[in-house]
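Only one structure is covered here, and it is reproduced in the block below.
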Amino acid sequence: MIPIAYNVRSVVQRPVSTALTALGVGLVVAVFIGMLALANGFSAALAKTGSSRNVLVLRKGADSELSSGLGRDVSSIVAADPHVATGADGRPLVSPEVYVLIPLAKSFDTTQIANVVARGISDQAWQVRNNVTVTAGQKPTSGRPEVCVGSRLTKRFPHTGIGQTLHFAGRDWSVTCHFTAAGSAFESEIWGENEQFMPVFRGEVFQSITFRLKDPGSFAEAQRALQADKRMTVDAHRESEFYAQQSQLLGRILSFLAVMITGIMAVGAVFGAINTMYAAIASRAPEIGVLLTLGFRPWTVLVSFLAESAFIAAIGGLLGCLFSLPLNGIVTSTTNWSSFSEIAFSFRVTPALLLVGLVFAVVMGIVGGFFPALRAARLQVVQALR
Amino acid sequence: MALVEIRDVDKSFQRDTQRIDVFTGLTLDIDAGSFTALMGPSGSGKSTLLNLIAGLDKPTRGTVRVGGAEVSAMSPGQLAAWRSSNIGFVFQSFNLLPVLTAYQNVELPLLLTRLSGRERNERVKIALDVVGLADRADHYPRQLSGGQEQRTAIARAIVADPTVMLLDEPTGQLDAKSSQEVLTLLQRLNNEFNKTIIIVTHDAHAAERAKTILHLEKGDLIEKPRVAAAAR
Ligand SMILES: Nc1ncnc2c1ncn2[C@@H]1O[C@H](COP(=O)(O)OP(=O)(O)OP(=O)(O)O)[C@@H](O)[C@H]1O
Ligand SMILES: [Mg+2]
């Protein structure tokens, strides 16, 4: 085998062309990782929203909470179901909820309006959604126009600080607390008491009923029992699956875009690598002639130059990883197309994603290096040395 | 039986529509242990002859045998393996790999063998010692003089202990003093180590160092085998 030191040092000998080629690959890798980090973060936010121990009950046929509606009678029937877990206080862990979208102006540009979810909850919600934690202030007091604001909203919307007053649905609401929910979509919601929200929004209807399963394994059984109940017409979803499904479409579109855009960019980077390698091989024809004269097989020459191209691309891959790291944790938002609500999430640059980016870089290098390396391997010794 | 047997070889090149016949019916024997200088005007086919012996090029017709092996009939893969253990080639322009040290350049042919790292190290050191460059092992080609570069190339050619050494104008780019050093080294390799050497040269003084001088004239061998003065 031709020693790899030969290639590494040859690459170092021409720092400018190496750096430019690596930079091209690096940019593609950075965009690639960035876009996948976006898709990744979005899916993660929605995936974490649901718990596999919870069941979400909607009106039959409703594909989102927005298009659902359930009466108080349904809430009582669900609460009485034997599959429902009971809390420490002996009450069933059921949370009938109101779900509406309210337009709010954004902090940085008050002419921009975003739809934010206002969720009316019962006291039980804090236990059913056990990933929800109040980080500051006190939960709203029953009977008062008070709300708790998800942590993702506080920076992006004005008047969301504790003690401040939000105005929506024709009323003032004082903010009494902030909450987090493990990075899930709940963090982009405003929670208030059902009894306060119902009269100002849609009246005596809930949009969803969420309950905690006594036995997490009994979902199918509970689903069958609820959907077969003649007194109501409902669909029961496992909460985790419901949110994962909501993220699917946008997640897929983001991944598709990532592949499309970086695919087009990659063509450019690959041509860069092709150019660099053809130039390198043209100027080193005598060296290749010597290697072949010494008895190195043409395929070892091929491997050697493929390795050289892959090495340059790997440098680019590392650059790309470095470029993309600062993206990690940056919060952005998009409209959740399943519910038309604004949902905030962060870029998630994971080690696995970095590895994928690096592999992508090396693949670009090998693809770009192939034809030049093939030319090197096919050089006629006598011609190469003339 | 001669070490190198060239039998009835034709070699022609096609350039555009023109055919250049370099050799027609060339027959030549070179014995083991000989030191042959190949002379002749430019374009007479000296390099072509070396290339045919090294298996770098194929005859249009006829056979080339080296040590009993029919070089002209081998596949490219066979040729590569055969060349690595049978041919030591030295070029006019040295052709060391610029990014590798003298040591690493000399070690290259051994990377094609099954020798261990220690054995390789020993052999490289011996080869560099023979050419008088033991103290320059870690120098890069650009840090060596022309004569030193060519001696490194000779070390590279002998390190795998080949059957034949082929040198194409090895002193063509060297000054008088460096040329003498290289030629003295070749004579020593021939006398002390019994290496078979074929050297192409334009320089009559250089040719005098060989035991046999062959003249190529428009592809025909004007054989004037004689014992050179230096060897007497
Ligand atoms: N690859 C090739 N394609 C076409 N013609 C070639 C090729 N190689 C050699 N020739 C021709 O064959 C003839 C012999 O060339 P060769 O290089 O063997 O000469 P030479 O004796 O080594 O000359 P010099 O002393 O200039 O090195 C020349 O006319 C040359 O132009
Ligand atoms: Mg020549």
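Chain labels follow the order of the structure tokens: the first chain is A, the next B, and so on; residue numbering restarts at 1 in every chain, and ligands are counted from 1 in their shown order.
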
List the neighbours of stretch 54-65 of chain B out to 6 Å using only C-alpha atoms; skip same-chain residues closer than 4 positions along the sequence, and give me the result as a short mmCIF file (atom, residue, chain, number, x, y, z; two decimals) with N, CA, C and O atoms, in the first residue's frame.
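The file below, part-v2.cif, is the result:
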data_model
loop_
_atom_site.label_atom_id
_atom_site.label_comp_id
_atom_site.auth_asym_id
_atom_site.auth_seq_id
_atom_site.Cartn_x
_atom_site.Cartn_y
_atom_site.Cartn_z
N VAL B 4 19.19 -11.19 -19.84
CA VAL B 4 18.19 -10.49 -20.64
C VAL B 4 18.28 -11.01 -22.07
O VAL B 4 19.35 -10.97 -22.68
N GLU B 5 17.17 -11.54 -22.58
CA GLU B 5 17.15 -12.05 -23.95
C GLU B 5 16.09 -11.31 -24.74
O GLU B 5 14.90 -11.42 -24.43
N ILE B 6 16.53 -10.55 -25.72
CA ILE B 6 15.58 -9.85 -26.58
C ILE B 6 15.63 -10.53 -27.93
O ILE B 6 16.69 -10.66 -28.54
N ARG B 7 14.48 -11.04 -28.37
CA ARG B 7 14.43 -11.86 -29.57
C ARG B 7 13.51 -11.25 -30.63
O ARG B 7 12.31 -11.19 -30.41
N ASP B 8 14.14 -10.81 -31.73
CA ASP B 8 13.38 -10.44 -32.92
C ASP B 8 12.26 -9.45 -32.61
O ASP B 8 11.12 -9.63 -33.01
N VAL B 9 12.62 -8.41 -31.85
CA VAL B 9 11.61 -7.47 -31.37
C VAL B 9 11.38 -6.33 -32.37
O VAL B 9 12.32 -5.71 -32.85
N ASP B 10 10.11 -6.12 -32.69
CA ASP B 10 9.68 -4.92 -33.40
C ASP B 10 9.03 -3.99 -32.39
O ASP B 10 8.32 -4.45 -31.50
N LYS B 11 9.28 -2.69 -32.53
CA LYS B 11 8.55 -1.74 -31.71
C LYS B 11 8.26 -0.52 -32.56
O LYS B 11 9.17 0.08 -33.14
N ALA B 69 11.91 -15.24 -17.34
CA ALA B 69 10.49 -14.87 -17.35
C ALA B 69 10.17 -14.07 -18.61
O ALA B 69 10.91 -13.15 -18.96
N GLU B 70 9.08 -14.43 -19.26
CA GLU B 70 8.72 -13.71 -20.48
C GLU B 70 7.95 -12.45 -20.14
O GLU B 70 6.75 -12.45 -19.92
N VAL B 71 8.68 -11.34 -20.07
CA VAL B 71 8.12 -10.06 -19.64
C VAL B 71 7.05 -9.58 -20.62
O VAL B 71 6.01 -9.05 -20.24
N SER B 72 7.33 -9.81 -21.93
CA SER B 72 6.43 -9.27 -22.95
C SER B 72 5.07 -9.95 -22.96
O SER B 72 4.16 -9.48 -23.64
#

Quiz item: How would you write, as a PyMOL selection string, the set of residues no farther than 10 Å from ligand 2 when counting only C-alpha atoms and all ligand atoms?
Solution: (chain A and resi 386) or (chain B and resi 40-51+91-92+168-169+200-202)

Just C-alpha atoms for this one: save the residues we selected as a PDB file, in the first residue's frame.
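Output saved as result20.pdb:
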ATOM      1  CA  ARG A 386       7.972  11.499 -20.344  1.00  0.00           C
TER       2      ARG A 386
ATOM      3  CA  GLY B  40      23.275   6.455 -29.372  1.00  0.00           C
ATOM      4  CA  PRO B  41      21.815   9.666 -30.703  1.00  0.00           C
ATOM      5  CA  SER B  42      18.600  11.154 -29.446  1.00  0.00           C
ATOM      6  CA  GLY B  43      15.565   9.270 -30.705  1.00  0.00           C
ATOM      7  CA  SER B  44      17.491   6.078 -31.417  1.00  0.00           C
ATOM      8  CA  GLY B  45      15.316   4.107 -28.977  1.00  0.00           C
ATOM      9  CA  LYS B  46      17.486   3.814 -25.863  1.00  0.00           C
ATOM     10  CA  SER B  47      14.710   4.698 -23.425  1.00  0.00           C
ATOM     11  CA  THR B  48      12.300   2.524 -25.361  1.00  0.00           C
ATOM     12  CA  LEU B  49      14.664  -0.428 -24.969  1.00  0.00           C
ATOM     13  CA  LEU B  50      14.903   0.074 -21.191  1.00  0.00           C
ATOM     14  CA  ASN B  51      11.118   0.360 -20.985  1.00  0.00           C
ATOM     15  CA  PHE B  91      15.526   8.140 -13.985  1.00  0.00           C
ATOM     16  CA  GLN B  92      17.374  11.111 -15.375  1.00  0.00           C
ATOM     17  CA  ASP B 168      18.168   6.105 -18.029  1.00  0.00           C
ATOM     18  CA  GLU B 169      20.749   8.903 -18.284  1.00  0.00           C
ATOM     19  CA  VAL B 200      21.845   4.759 -20.930  1.00  0.00           C
ATOM     20  CA  THR B 201      24.191   7.663 -21.426  1.00  0.00           C
ATOM     21  CA  HIS B 202      25.227  10.288 -23.950  1.00  0.00           C
TER      22      HIS B 202
END

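Take the candidates B:Ile222, B:Met39, B:Ala204, B:Leu100 and check each one against ligand 1 using only C-alpha atoms and all ligand atoms; the shortest distance goes to B:Met39.
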
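Note that the spacing between atom CA of A:Val200 and atom CA of A:Ala169 amounts to 6.3 Å.
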
Exercise. Write out as an MDAnalysis selection string each polymer residue whose atoms come within 8 Å of A:Ser95, counting only C-alpha atoms; drop sequence neighbours fewer than 5 positions from it.
Key: chainID A and resid 121:125 128 209:211

Quiz item: Can you tell me, as a list in words, what residues are no more than 7 Å from stretch 148-160 of chain A when counting only C-alpha atoms, ignoring any on the same chain fewer than 2 positions away?
Solution: Ala105, Lys106, Ser107, Lys139, Pro140, Ile162, Gln164, Thr165, Leu166, Val175, Thr176, Cys177, His178, Phe179, Thr180, Phe186, Glu187, Ser188, Glu189, Ile190, Trp191, Gly192 and Ala344 of chain A

Quiz prompt | Close residues, stretch 262-267 of chain A itself excluded, 8 Å, only C-alpha atoms, min 2 positions apart in chain, as number ranges by chain | solution = A: 25, 28-29, 31-32, 258-260, 269-271, 364

Practice problem: Based on DSSP run over this structure's backbone, return all residues of stretch 40-213 of chain B in alpha helix (DSSP H), as JSON, numbers by chain. | Solution: {"B": [46, 47, 48, 49, 50, 51, 52, 53, 54, 76, 77, 78, 79, 80, 81, 82, 83, 84, 85, 86, 102, 103, 104, 105, 106, 107, 117, 118, 119, 120, 121, 122, 123, 124, 125, 126, 127, 128, 129, 130, 146, 147, 148, 149, 150, 151, 152, 153, 154, 155, 156, 157, 158, 176, 177, 178, 179, 180, 181, 182, 183, 184, 185, 186, 187, 188, 189, 190, 191, 192, 204, 205, 206, 207, 208]}

Quiz item: Contacts of B:Arg136 at 9 Å or less, counting only C-alpha atoms, minus same-chain residues fewer than 6 places along, as a list of chain:residue names?
Solution: B:Thr101, B:Ala102, B:Tyr103, B:Leu128, B:Leu144, B:Gln148

Sorted per-residue table, stretch 113-137 of chain B near stretch 153-156 of chain B, closest atoms and distance, 8 Å, only C-alpha atoms, as a Markdown table:
| residue | atom | partner | partner_atom | distance |
| --- | --- | --- | --- | --- |
| B:Val124 | CA | B:Ala155 | CA | 7.9 |
| B:Ala127 | CA | B:Ala155 | CA | 5.1 |
| B:Leu128 | CA | B:Ala155 | CA | 5.8 |
| B:Val130 | CA | B:Ala155 | CA | 7.6 |
| B:Val131 | CA | B:Ala155 | CA | 6.3 |

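Every protein or nucleic acid residue with an atom no more than 12 Å from A:Val8, counting only C-alpha atoms and leaving out same-chain residues fewer than 2 positions away, appears here: Ile2, Pro3, Ile4, Ala5, Tyr6, Ser10, Val11, Val12, Gln13, Arg14, Pro15, Thr18, Ser304, Phe305, Leu306, Ala307, Glu308, Ser309, Ala310, Phe311, Ile312, Ala314 and Ile315 of chain A; Val99 and Leu100 of chain B.
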
Suppose we keep C-alpha atoms; can you now write the selection as a short mmCIF file (atom, residue, chain, number, x, y, z; two decimals), in the first residue's frame?
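Generated file (result_28.cif):
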data_model
loop_
_atom_site.label_atom_id
_atom_site.label_comp_id
_atom_site.auth_asym_id
_atom_site.auth_seq_id
_atom_site.Cartn_x
_atom_site.Cartn_y
_atom_site.Cartn_z
CA ILE A 2 1.12 3.53 -0.75
CA PRO A 3 1.71 5.13 2.66
CA ILE A 4 -1.06 7.54 3.68
CA ALA A 5 1.66 9.99 4.78
CA TYR A 6 2.28 10.53 1.08
CA SER A 10 0.81 16.22 -0.46
CA VAL A 11 -2.44 17.76 0.75
CA VAL A 12 -0.58 19.95 3.22
CA GLN A 13 1.77 21.03 0.41
CA ARG A 14 -1.09 22.85 -1.32
CA PRO A 15 -2.88 24.52 1.60
CA THR A 18 -7.12 22.16 0.09
CA SER A 304 -4.45 6.20 -2.45
CA PHE A 305 -6.04 9.08 -4.33
CA LEU A 306 -9.52 8.22 -3.09
CA ALA A 307 -8.10 8.38 0.43
CA GLU A 308 -6.56 11.75 -0.36
CA SER A 309 -9.87 13.13 -1.58
CA ALA A 310 -11.71 11.64 1.39
CA PHE A 311 -9.12 13.17 3.71
CA ILE A 312 -9.68 16.66 2.27
CA ALA A 314 -13.12 14.94 6.11
CA ILE A 315 -11.34 18.18 7.00
CA VAL B 99 6.86 14.91 0.24
CA LEU B 100 8.70 11.84 1.54
#

Chain B residues near chain A within 7 Å, closest pair each, using only C-alpha atoms, as a tab-separated table:
residue	atom	partner	partner_atom	distance
B:Leu56	CA	A:Val381	CA	6.5
B:Gly77	CA	A:Arg297	CA	6.6
B:Ala80	CA	A:Gly295	CA	4.2
B:Ala81	CA	A:Gly295	CA	5.8
B:Arg83	CA	A:Gly295	CA	5.6
B:Ser84	CA	A:Gly295	CA	4.4
B:Asn95	CA	A:Val290	CA	6.8
B:Leu97	CA	A:Glu287	CA	6.2
B:Val99	CA	A:Arg9	CA	5.9
B:Leu100	CA	A:Tyr6	CA	6.6
B:Pro109	CA	A:Leu294	CA	6.0
B:Leu111	CA	A:Met1	CA	6.6

Could the residues in this selection be saved with N, CA and C atoms as a compact mmCIF listing (two decimals), in the first residue's frame?
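And here is the file that came out, part28.txt:
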# COMPACT_ATOMS: atom_id res chain seq x y z
N LEU B 56 7.66 -1.85 -18.84
CA LEU B 56 6.84 -0.63 -18.79
C LEU B 56 6.14 -0.42 -20.13
N GLY B 77 -1.02 -6.77 -13.95
CA GLY B 77 -0.90 -7.14 -12.54
C GLY B 77 0.36 -7.95 -12.28
N ALA B 80 3.47 -5.71 -12.47
CA ALA B 80 3.71 -4.88 -11.30
C ALA B 80 4.45 -5.69 -10.24
N ALA B 81 3.95 -6.89 -9.97
CA ALA B 81 4.58 -7.73 -8.95
C ALA B 81 5.99 -8.13 -9.37
N ARG B 83 8.01 -6.61 -11.49
CA ARG B 83 8.91 -5.46 -11.52
C ARG B 83 9.39 -5.10 -10.12
N SER B 84 8.48 -5.19 -9.13
CA SER B 84 8.86 -4.77 -7.79
C SER B 84 10.01 -5.61 -7.24
N ASN B 95 13.26 11.69 -9.84
CA ASN B 95 11.90 11.25 -9.54
C ASN B 95 11.73 10.66 -8.15
N LEU B 97 9.84 11.09 -4.53
CA LEU B 97 8.58 11.73 -4.14
C LEU B 97 8.93 12.88 -3.19
N VAL B 99 7.41 14.76 -1.11
CA VAL B 99 6.86 14.91 0.24
C VAL B 99 7.36 13.83 1.19
N LEU B 100 8.17 12.89 0.67
CA LEU B 100 8.70 11.84 1.54
C LEU B 100 10.19 12.07 1.76
N PRO B 109 9.82 0.62 -2.17
CA PRO B 109 9.73 -0.69 -2.82
C PRO B 109 9.53 -1.83 -1.81
N LEU B 111 7.66 -1.73 0.77
CA LEU B 111 6.27 -1.78 1.22
C LEU B 111 5.48 -2.79 0.38

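If you look at atom CA of B:Gly88 and atom CA of B:Met74, they are 18.1 Å away from each other.
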